[in-house]
Amino acid sequence: QMMLFGKVSQQLCGLKKLPWSCDSRYFWGWLNTVFNKVDYERIRDVGPDRAASEWLLRCGAMVRYHGQEKWQKDYNHLPTGPLDKYKIQAIDATDSCIMSIGFDHMETSNICC
């Protein structure tokens, strides 16, 4: 899988019209920026806690919901049910790629103490 990505990135670096340098730091910085982009329409559609959970998990953080002891780590296993049922109680952003441009997710969320 990484071999395939390496070949693709080398091919992309051969192109002259890319907006980023072939230096991998620029690529990962660009990708992290994409992951952190705030989607206000999504916040409106699914609610602030669900949207914030999606953002945090997408960026590699973990979320714990009020009334639950287990940390949510997997984006693909986010709980289903009423959108207002799962309120974020705690966040572990260790080694995640969250950036300040994504903090607007937190402004609309009602994180419990």
# chains A, B, ... in the order shown; residues from 1 in each chain; ligands from 1
call {"tool": "select_by_dssp", "arguments": {"residues": "region 53-94 of chain A", "states": "alpha helix (DSSP H)", "output": "list in words"}}
result
Ser53, Glu54, Trp55, Leu56, Leu57 and Arg58 of chain A
call {"tool": "write_last_selection", "arguments": {"atoms": "C-alpha atoms", "output": "compact mmCIF listing (two decimals), in the first residue's frame"}}
result
# COMPACT_ATOMS: atom_id res chain seq x y z
CA SER A 53 -16.43 13.94 16.66
CA GLU A 54 -16.03 13.29 12.95
CA TRP A 55 -13.37 16.01 12.69
CA LEU A 56 -11.42 14.80 15.71
CA LEU A 57 -11.46 11.15 14.66
CA ARG A 58 -10.61 12.01 11.06
call {"tool": "residues_around", "arguments": {"residues": "Asp92 (chain A)", "least_positions_apart": "4", "cutoff": "12 Å", "atoms": "only C-alpha atoms", "output": "PDB file with N, CA, C and O atoms, in the first residue's frame"}}
result
ATOM      1  N   SER A  53     -16.936  15.309  16.538  1.00  0.00           N
ATOM      2  CA  SER A  53     -16.425  13.938  16.663  1.00  0.00           C
ATOM      3  C   SER A  53     -15.818  13.461  15.355  1.00  0.00           C
ATOM      4  O   SER A  53     -14.739  12.878  15.330  1.00  0.00           O
ATOM      5  N   LEU A  56     -12.473  15.279  14.812  1.00  0.00           N
ATOM      6  CA  LEU A  56     -11.418  14.803  15.709  1.00  0.00           C
ATOM      7  C   LEU A  56     -10.935  13.409  15.322  1.00  0.00           C
ATOM      8  O   LEU A  56      -9.726  13.156  15.269  1.00  0.00           O
ATOM      9  N   LEU A  57     -11.848  12.509  15.034  1.00  0.00           N
ATOM     10  CA  LEU A  57     -11.459  11.147  14.663  1.00  0.00           C
ATOM     11  C   LEU A  57     -10.761  11.119  13.307  1.00  0.00           C
ATOM     12  O   LEU A  57      -9.808  10.368  13.106  1.00  0.00           O
ATOM     13  N   CYS A  59      -8.875  13.281  12.195  1.00  0.00           N
ATOM     14  CA  CYS A  59      -7.519  13.799  12.409  1.00  0.00           C
ATOM     15  C   CYS A  59      -6.692  12.930  13.360  1.00  0.00           C
ATOM     16  O   CYS A  59      -5.580  13.308  13.730  1.00  0.00           O
ATOM     17  N   GLY A  60      -7.220  11.791  13.784  1.00  0.00           N
ATOM     18  CA  GLY A  60      -6.439  10.867  14.600  1.00  0.00           C
ATOM     19  C   GLY A  60      -6.584  11.041  16.096  1.00  0.00           C
ATOM     20  O   GLY A  60      -5.846  10.425  16.869  1.00  0.00           O
ATOM     21  N   ALA A  61      -7.504  11.882  16.544  1.00  0.00           N
ATOM     22  CA  ALA A  61      -7.745  12.052  17.980  1.00  0.00           C
ATOM     23  C   ALA A  61      -8.738  10.990  18.463  1.00  0.00           C
ATOM     24  O   ALA A  61      -9.288  10.233  17.661  1.00  0.00           O
ATOM     25  N   MET A  62      -8.954  10.930  19.773  1.00  0.00           N
ATOM     26  CA  MET A  62      -9.947  10.038  20.366  1.00  0.00           C
ATOM     27  C   MET A  62     -10.961  10.891  21.111  1.00  0.00           C
ATOM     28  O   MET A  62     -10.638  11.969  21.598  1.00  0.00           O
ATOM     29  N   VAL A  63     -12.182  10.383  21.181  1.00  0.00           N
ATOM     30  CA  VAL A  63     -13.282  11.096  21.823  1.00  0.00           C
ATOM     31  C   VAL A  63     -13.953  10.166  22.831  1.00  0.00           C
ATOM     32  O   VAL A  63     -14.123   8.980  22.569  1.00  0.00           O
ATOM     33  N   ARG A  64     -14.317  10.726  23.972  1.00  0.00           N
ATOM     34  CA  ARG A  64     -15.130   9.966  24.939  1.00  0.00           C
ATOM     35  C   ARG A  64     -16.413  10.754  25.168  1.00  0.00           C
ATOM     36  O   ARG A  64     -16.379  11.974  25.353  1.00  0.00           O
ATOM     37  N   TYR A  65     -17.523  10.031  25.148  1.00  0.00           N
ATOM     38  CA  TYR A  65     -18.826  10.669  25.299  1.00  0.00           C
ATOM     39  C   TYR A  65     -19.286  10.625  26.744  1.00  0.00           C
ATOM     40  O   TYR A  65     -18.935   9.705  27.492  1.00  0.00           O
ATOM     41  N   TRP A  71     -13.230   4.945  25.034  1.00  0.00           N
ATOM     42  CA  TRP A  71     -12.827   5.981  24.085  1.00  0.00           C
ATOM     43  C   TRP A  71     -13.236   5.558  22.674  1.00  0.00           C
ATOM     44  O   TRP A  71     -13.038   4.410  22.283  1.00  0.00           O
ATOM     45  N   GLN A  72     -13.758   6.489  21.908  1.00  0.00           N
ATOM     46  CA  GLN A  72     -14.081   6.260  20.500  1.00  0.00           C
ATOM     47  C   GLN A  72     -12.829   6.589  19.700  1.00  0.00           C
ATOM     48  O   GLN A  72     -12.328   7.709  19.751  1.00  0.00           O
ATOM     49  N   LYS A  73     -12.312   5.596  18.967  1.00  0.00           N
ATOM     50  CA  LYS A  73     -11.069   5.778  18.217  1.00  0.00           C
ATOM     51  C   LYS A  73     -11.265   5.658  16.716  1.00  0.00           C
ATOM     52  O   LYS A  73     -10.477   6.171  15.949  1.00  0.00           O
ATOM     53  N   ILE A  88     -19.819  15.109  23.649  1.00  0.00           N
ATOM     54  CA  ILE A  88     -18.393  14.931  23.909  1.00  0.00           C
ATOM     55  C   ILE A  88     -18.089  15.343  25.343  1.00  0.00           C
ATOM     56  O   ILE A  88     -18.430  16.441  25.777  1.00  0.00           O
ATOM     57  N   SER A  96      -2.292  13.631  17.172  1.00  0.00           N
ATOM     58  CA  SER A  96      -3.275  13.852  16.108  1.00  0.00           C
ATOM     59  C   SER A  96      -2.798  15.004  15.223  1.00  0.00           C
ATOM     60  O   SER A  96      -1.801  15.662  15.527  1.00  0.00           O
ATOM     61  N   CYS A  97      -3.530  15.239  14.157  1.00  0.00           N
ATOM     62  CA  CYS A  97      -3.157  16.326  13.243  1.00  0.00           C
ATOM     63  C   CYS A  97      -4.144  17.483  13.316  1.00  0.00           C
ATOM     64  O   CYS A  97      -4.277  18.229  12.350  1.00  0.00           O
ATOM     65  N   ILE A  98      -4.828  17.643  14.469  1.00  0.00           N
ATOM     66  CA  ILE A  98      -5.755  18.771  14.549  1.00  0.00           C
ATOM     67  C   ILE A  98      -4.970  20.079  14.484  1.00  0.00           C
ATOM     68  O   ILE A  98      -3.863  20.179  14.979  1.00  0.00           O
TER      69      ILE A  98
END
call {"tool": "residues_around", "arguments": {"residues": "Lys87 (chain A)", "least_positions_apart": "2", "cutoff": "7 Å", "atoms": "only C-alpha atoms", "output": "MDAnalysis selection string"}}
result
chainID A and resid 49 65:66 84:85 89 111
call {"tool": "atom_distance", "arguments": {"atom1": "CA of Ala90 (chain A)", "atom2": "CA of Met106 (chain A)"}}
result
11.9 Å
call {"tool": "residues_around", "arguments": {"residues": "Glu107 (chain A)", "least_positions_apart": "6", "cutoff": "12 Å", "atoms": "only C-alpha atoms", "output": "JSON list (two decimals) with N, CA, C and O atoms, in the first residue's frame"}}
result
[["chain", "number", "residue", "atom", "x", "y", "z"],
["A", 38, "VAL", "N", -13.37, 23.24, 8.23],
["A", 38, "VAL", "CA", -14.68, 23.23, 8.89],
["A", 38, "VAL", "C", -15.78, 23.23, 7.84],
["A", 38, "VAL", "O", -15.79, 24.06, 6.94],
["A", 40, "TYR", "N", -19.42, 23.88, 7.73],
["A", 40, "TYR", "CA", -20.52, 24.43, 8.51],
["A", 40, "TYR", "C", -21.86, 23.78, 8.13],
["A", 40, "TYR", "O", -22.74, 23.66, 8.98],
["A", 43, "ILE", "N", -22.08, 20.63, 10.15],
["A", 43, "ILE", "CA", -22.43, 20.95, 11.54],
["A", 43, "ILE", "C", -23.93, 21.17, 11.65],
["A", 43, "ILE", "O", -24.58, 20.68, 12.56],
["A", 48, "PRO", "N", -23.49, 19.76, 16.33],
["A", 48, "PRO", "CA", -22.12, 20.14, 16.65],
["A", 48, "PRO", "C", -21.28, 19.01, 17.25],
["A", 48, "PRO", "O", -20.10, 18.89, 16.89],
["A", 49, "ASP", "N", -21.84, 18.19, 18.11],
["A", 49, "ASP", "CA", -21.03, 17.14, 18.73],
["A", 49, "ASP", "C", -20.66, 16.06, 17.73],
["A", 49, "ASP", "O", -19.54, 15.56, 17.73],
["A", 51, "ALA", "N", -20.44, 16.44, 14.41],
["A", 51, "ALA", "CA", -19.48, 17.03, 13.47],
["A", 51, "ALA", "C", -18.10, 17.16, 14.10],
["A", 51, "ALA", "O", -17.08, 16.87, 13.45],
["A", 52, "ALA", "N", -18.04, 17.58, 15.36],
["A", 52, "ALA", "CA", -16.76, 17.70, 16.06],
["A", 52, "ALA", "C", -16.13, 16.32, 16.23],
["A", 52, "ALA", "O", -14.91, 16.15, 16.07],
["A", 100, "SER", "N", -5.44, 24.59, 14.32],
["A", 100, "SER", "CA", -6.30, 25.69, 14.81],
["A", 100, "SER", "C", -7.40, 26.04, 13.81],
["A", 100, "SER", "O", -8.46, 26.50, 14.23],
["A", 101, "ILE", "N", -7.18, 25.80, 12.53],
["A", 101, "ILE", "CA", -8.23, 26.13, 11.56],
["A", 101, "ILE", "C", -9.47, 25.26, 11.75],
["A", 101, "ILE", "O", -10.54, 25.60, 11.28]]
call {"tool": "closest_residue", "arguments": {"among": "A:Asp74, A:Tyr86, A:Lys37, A:Gly81", "to": "Asp104 (chain A)", "atoms": "only C-alpha atoms"}}
result
A:Lys37
call {"tool": "atom_distance", "arguments": {"atom1": "CA of Arg42 (chain A)", "atom2": "CA of Glu69 (chain A)"}}
result
26.8 Å
call {"tool": "decode", "arguments": {"residues": "region 59-101 of chain A", "atoms": "C-alpha atoms", "output": "PDB file, in the first residue's frame"}}
result
ATOM      1  CA  CYS A  59      -7.519  13.799  12.409  1.00  0.00           C
ATOM      2  CA  GLY A  60      -6.439  10.867  14.600  1.00  0.00           C
ATOM      3  CA  ALA A  61      -7.745  12.052  17.980  1.00  0.00           C
ATOM      4  CA  MET A  62      -9.947  10.038  20.366  1.00  0.00           C
ATOM      5  CA  VAL A  63     -13.282  11.096  21.823  1.00  0.00           C
ATOM      6  CA  ARG A  64     -15.130   9.966  24.939  1.00  0.00           C
ATOM      7  CA  TYR A  65     -18.826  10.669  25.299  1.00  0.00           C
ATOM      8  CA  HIS A  66     -20.668  11.675  28.449  1.00  0.00           C
ATOM      9  CA  GLY A  67     -21.777   8.582  30.353  1.00  0.00           C
ATOM     10  CA  GLN A  68     -19.375   6.223  28.563  1.00  0.00           C
ATOM     11  CA  GLU A  69     -16.013   4.936  29.747  1.00  0.00           C
ATOM     12  CA  LYS A  70     -14.764   3.661  26.382  1.00  0.00           C
ATOM     13  CA  TRP A  71     -12.827   5.981  24.085  1.00  0.00           C
ATOM     14  CA  GLN A  72     -14.081   6.260  20.500  1.00  0.00           C
ATOM     15  CA  LYS A  73     -11.069   5.778  18.217  1.00  0.00           C
ATOM     16  CA  ASP A  74     -12.487   4.591  14.910  1.00  0.00           C
ATOM     17  CA  TYR A  75     -14.251   6.997  12.580  1.00  0.00           C
ATOM     18  CA  ASN A  76     -16.011   4.078  10.898  1.00  0.00           C
ATOM     19  CA  HIS A  77     -17.571   2.966  14.180  1.00  0.00           C
ATOM     20  CA  LEU A  78     -19.092   6.233  15.320  1.00  0.00           C
ATOM     21  CA  PRO A  79     -22.250   5.525  17.319  1.00  0.00           C
ATOM     22  CA  THR A  80     -25.570   5.876  15.568  1.00  0.00           C
ATOM     23  CA  GLY A  81     -28.861   7.032  16.962  1.00  0.00           C
ATOM     24  CA  PRO A  82     -30.338  10.406  17.830  1.00  0.00           C
ATOM     25  CA  LEU A  83     -27.868  13.153  16.961  1.00  0.00           C
ATOM     26  CA  ASP A  84     -28.147  14.823  20.358  1.00  0.00           C
ATOM     27  CA  LYS A  85     -27.586  11.599  22.335  1.00  0.00           C
ATOM     28  CA  TYR A  86     -23.753  11.569  22.245  1.00  0.00           C
ATOM     29  CA  LYS A  87     -22.177  14.628  23.868  1.00  0.00           C
ATOM     30  CA  ILE A  88     -18.393  14.931  23.909  1.00  0.00           C
ATOM     31  CA  GLN A  89     -16.997  14.749  27.440  1.00  0.00           C
ATOM     32  CA  ALA A  90     -13.266  14.352  26.774  1.00  0.00           C
ATOM     33  CA  ILE A  91     -10.781  14.532  23.913  1.00  0.00           C
ATOM     34  CA  ASP A  92      -7.350  12.932  23.616  1.00  0.00           C
ATOM     35  CA  ALA A  93      -5.567  14.665  20.748  1.00  0.00           C
ATOM     36  CA  THR A  94      -2.156  13.093  21.416  1.00  0.00           C
ATOM     37  CA  ASP A  95      -0.286  12.628  18.119  1.00  0.00           C
ATOM     38  CA  SER A  96      -3.275  13.852  16.108  1.00  0.00           C
ATOM     39  CA  CYS A  97      -3.157  16.326  13.243  1.00  0.00           C
ATOM     40  CA  ILE A  98      -5.755  18.771  14.549  1.00  0.00           C
ATOM     41  CA  MET A  99      -4.954  22.352  13.624  1.00  0.00           C
ATOM     42  CA  SER A 100      -6.296  25.686  14.813  1.00  0.00           C
ATOM     43  CA  ILE A 101      -8.228  26.128  11.557  1.00  0.00           C
TER      44      ILE A 101
END
